[in-house]
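Undergrad: Can you keep this structure in mind? I'll have questions shortly.
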Amino acid sequence: MARLRDPLRSVVGDRAAKRLASLGSGLHTIGDLLGYYPRRYETRGDLTDLTSLRDGEHVTVQAMIESVSTRRMRNRQGTILEAVVSDGRGRLTLTFFGKGRQAWRERTLEAGRRGLFAGQVSTFRGTRQLAHPEYVLLEAGPPGAVSETEAARAVEFATEVIPIYPASKEISSWQIADSVRLALAAADFGADPLPYEVRARYGLCGYADAIRGIHRPADLREKDTAVRRLKWDEAFVLQVVLAQRRRLSTEYIAQGRPAVPGALLDEFDRGLPFELTAGQRRAGEVIAADLSRDHPMHRLLQGEVGSGKTVVALRAMLQVVDAAGQAALLAPTEVLAQQHNRSISQILGPLAMAGQLGGAEHATRVTLLTGSQGTAARRRALLEAASGEAGIVIGTHALLEEQVRFADLGLIVIDEQHRFGVEQREALRTKAAEGKPHVLVMTATPIPRTVAMTVFGDLDVTELTELPAGRSAIGTHVVPAGEKPHYLDRAWERVREEVAVGRQVYIVCPRIGGEGDENGGGPQPAGPAWDALADDGGFDFGGEPRRPPLAVIDVAAALTAGPLADLRVAILHGRLPADDKEAIMLAFADGRVDVLVTTTVVQVGVAVPNATMMVVMDADRFGVSQLHQLRGRVGRGGQPGLCLLVTEAPAGPARDRLDAVASTNDGFRLSQLDLEQRREGDVLGAAQAGRRSSLKLLTLLHDEDLISAARQEAIALIESDPLLAGQPALADAIAVLLDTDRADYLAKA
């Protein structure tokens with residue numbers, strides 16, 4: 001018998017092992033292969049919906065042969081055999097090229113026979129086809145027309161549910177199934193990693209039965225039983241890892257930073273020009289208690305766009321400053337770092353003027369550090385951070401550089417934490433003089449990975465669900481510019497109406513444009529300025545080539561030459577020098593710019609109360625979270641906000657996504673939609689997208705109750721057996737999951 005860690009070639013041979021190594025992130029061991037689950041299942045006679053196929057996909061379909069024909073090639077010797085297969089609604093042509101007549105294939109591919117056909121979908125002269133596909137027939141043909149292997153497969157497929165595996169051009173689904181069959185016959189599954197008490201309590205089958213049941217189920221009920229057990233494996237193993245980590249984190253030392261009565265924080269609270277919401281007060285109390293403890297806080301502060309997360313974070317930073325520590329605020333872009341520096345300095349007023357004329361008694365200093373600062377400004381910022389003169393240091397990735405030092409770093413606040421990798425966050429945490437600093441991460445609309453980490457208990461969570469007084473509702477509407485161009489004309493009229501009453505407008509584009517833009521840019525087609533931008537250039541959401549996304553430089557030029565000709569229009573994007581970005585944002589904030597044409601550099605943190613309208617061009621090219629955060633830039637004063645999502649997408653998933661954003665301002669509902677589309681990401685790794693997820697079956701949308709039960713079981717187990725001395729099989733399963741990279745990730749995260 002072979003162990004699960006043994007190499008695949010020991011049971012499937014070198015040729016098959018080489019092909020299997022090309023799948024996904026690579027299948028190299030018997031355990032890797034048995035953990036490569038079918039994508040779907042088909043039963044005898046259930047034909048695949050051929051109308052759902054898309055060009056470029058590697059597919060395995062079950063269909064019936066309708067007709068077979070052979071013709072000679074025009075420009076070289078040989079023949080082309082074409083077999084048309086059907087599911088009763090759609091058709092697909094199988095095309096085979098050969099030097100001879102291919103008579104043996106004609107005898108095999110008989111009209112009326114069913115088979116599995118695998119290949120890459122393409123379209124030739126309007127006909128959808130698989131060029132030279134691999135296939136296996138499911139019904140017996142004339143004597144000698146079917147090989148013994150194919151005949152054996154046909155008998156097997158006739159009596160069982162057919163597993164369809166994610167395949168590639170190197171290896172077909174049934175070749176994967178052949179290898180799985182060999183691996184199942186040879187594998188020694190060893191002890192079950194899930195404790196017997198857990199299996200008994202929840203009525204779960206054994207691990208070996210589950211693996212056999214998911215790969216070769218006798219019926220769909222057996223498959224469902226196997227899937228339920230294997231979901232438990234994924235949830236429980238991860239929960240045990242996280243429970244161990246939480247237990248370990250309590251052993252880390254952090255300097256407690258308790259509140260100091262009558263100091264900077266109290267003075268700040270007394271001078272606030274508004275009243276904190278009940279949610280902000282509750283969040284502040286929880287965070288203040290965390291900061292007072294002698295082990296590190298690791299808390300997620302999530303809330304609606306405009307719910308006041310920055311004020312909550314600032315109060316936490318002031319508590320740390322009162323306790324003789326420093327706080328660092330890490331922002332993902334220079335525009336956001338500058339905005340935080342400007343807004344925090346303004347709201348603190350004299351409390352941010354330590355050592356200056358007019359500074360308050362308990363004042364501190366706020367320092368900005370970015371990569372594009374001049375030498376003198378950078379040297380001054382580094383000195384203020386290292387000496388402790390600056391109680392609050394705000395910056396971008398520049399804070400992570402080796403030469404940046406702090407006198408006593410007590411708190412790290414990370415804005416939009418998913419924009420920073422583990423290595424970057426760890427680089428900042430190592431700058432604490434003693435122990436571990438407290439960490440507060442913020443996000444407005446949780447991306448799927450953040451949601452995953454939250455549900456899996458990786459972070460302590462605080463939510464802000466109410467908006468501060470004075471925040472207005474934001475109306476969102478989809479503008480179908482492709483179907484109704486006059487709607488876009490009306491959008492520009494609406495922009496002019498806002499400006500006419502003294503308000504300001506953002507126009508957001510997917511890219512920058514101009515020379516050096518990797519997506520193209522340059523001049524648009526000839527013609528009137530706006531017509532040039534509206535020309536679709538072969539735009540097609542059905543898989544055909546799309547025109548390049550609209551760009552800031554091109555849109556701004558077209559608007560200033562056309563519908564917004566007499567307005568004050570400025571552009572803002574990430575390639576501008578830092579001083580120019582700062583000057584443009586100041587001009588917009590001061591009301592000296594009517595319309596700001598920009599990229600997503602304004603996605604988070606930017607607050608201009610007089611901006612009441614946003615137009616998002618090519619809105620279908622943005623994610624749900626991006627759109628929700630973008631529209632949160634308007635309606636931040638006393639006037640209601642308006643967001644127009646301009647798209648040329650026809651009815652379909654892209655339009656459905658925009659309609660969903662337009663239908664609600666609830667960021668938590670939208671995060672669920674985002675999760676449906678993008679999956680959870682790798683809970684134990686750095687990946688943000690679900691494609692690399694260590695979760696193969698478990699989904700947060702449907703399995704939250706199972707995850708919760710697994711969490712409770714894991715906590716109980718770790719409390720009684722923290723080192724898993726009595727669960728060697730579970731410890732081995734964790735060792736397999738926690739490869740070197742993931743173990744390093746956990747140690748740092």
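Going by the structure tokens order, chains are called A, B, ..., each with residues numbered from 1, while ligands are numbered from 1 in the order shown.
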Going by DSSP on the backbone, which bits of segment 213-312 of chain A are alpha helix (DSSP H)? Write them as a PyMOL selection string, please.

TA: chain A and resi 213-215+220-249+264-271+278-292+309-312

Undergrad: With a distance cut-off of 10 Å and only C-alpha atoms, select the neighbouring residues of Ala288 of chain A, excluding the residue or stretch itself and same-chain residues fewer than 2 positions from it, and output the selection as a tab-separated table (two decimals) with N, CA and C atoms, in the first residue's frame.

TA:
chain	number	residue	atom	x	y	z
A	257	ARG	N	-1.27	50.21	27.08
A	257	ARG	CA	-1.37	51.66	26.92
A	257	ARG	C	-2.72	52.14	27.47
A	258	PRO	N	-2.89	52.14	28.79
A	258	PRO	CA	-4.18	52.54	29.36
A	258	PRO	C	-4.45	54.03	29.17
A	259	ALA	N	-5.72	54.39	29.19
A	259	ALA	CA	-6.11	55.79	29.04
A	259	ALA	C	-5.57	56.61	30.21
A	282	ARG	N	-19.08	52.84	21.49
A	282	ARG	CA	-18.89	51.43	21.87
A	282	ARG	C	-17.57	50.90	21.32
A	283	ALA	N	-17.29	51.21	20.06
A	283	ALA	CA	-16.04	50.74	19.46
A	283	ALA	C	-14.84	51.31	20.22
A	284	GLY	N	-14.93	52.58	20.59
A	284	GLY	CA	-13.83	53.20	21.33
A	284	GLY	C	-13.59	52.54	22.67
A	285	GLU	N	-14.66	52.16	23.36
A	285	GLU	CA	-14.51	51.50	24.65
A	285	GLU	C	-13.83	50.14	24.52
A	286	VAL	N	-14.24	49.38	23.48
A	286	VAL	CA	-13.65	48.05	23.27
A	286	VAL	C	-12.17	48.17	22.94
A	290	ASP	N	-8.71	46.94	24.94
A	290	ASP	CA	-7.66	46.13	24.31
A	290	ASP	C	-6.29	46.76	24.48
A	291	LEU	N	-6.21	48.08	24.28
A	291	LEU	CA	-4.93	48.77	24.36
A	291	LEU	C	-4.35	48.75	25.77
A	292	SER	N	-5.22	48.57	26.75
A	292	SER	CA	-4.76	48.58	28.14
A	292	SER	C	-4.10	47.27	28.55
A	293	ARG	N	-4.31	46.22	27.75
A	293	ARG	CA	-3.81	44.90	28.13
A	293	ARG	C	-2.35	44.72	27.73
A	315	ARG	N	-8.85	58.35	17.95
A	315	ARG	CA	-8.98	58.32	19.41
A	315	ARG	C	-8.09	57.23	20.02
A	316	ALA	N	-7.98	56.08	19.31
A	316	ALA	CA	-7.08	55.03	19.79
A	316	ALA	C	-5.63	55.50	19.73
A	317	MET	N	-5.26	56.20	18.66
A	317	MET	CA	-3.89	56.70	18.54
A	317	MET	C	-3.59	57.71	19.64
A	319	GLN	N	-4.89	57.80	22.62
A	319	GLN	CA	-4.73	57.07	23.89
A	319	GLN	C	-3.30	56.54	24.01
A	320	VAL	N	-2.76	56.02	22.92
A	320	VAL	CA	-1.39	55.50	22.94
A	320	VAL	C	-0.39	56.64	23.15

Undergrad: Leu109 of chain A: which residues within 12 Å, counting only C-alpha atoms, same-chain residues fewer than 3 positions away excluded, as number ranges by chain?

TA: A: 63-70, 81-85, 94-96, 102-106, 112-117, 135-142, 145-146

Undergrad: To one decimal place in Å, what is the distance between atom CA of Arg490 of chain A and atom CA of His477 of chain A?

TA: 12.5 Å

Undergrad: Using only C-alpha atoms, which protein or nucleic acid residues come within 12 Å of Pro273 of chain A? Drop anything in the same chain fewer than 6 positions from it, and give the result as a ChimeraX atom specification.

TA: /A:346-349,469

Undergrad: Need the shell around Val439 of chain A: protein/DNA/RNA residues with any atom at most 7 Å away, counting only C-alpha atoms. Skip same-chain ones fewer than 4 positions apart. Format as a ChimeraX atom specification?

TA: /A:297-299,411-413
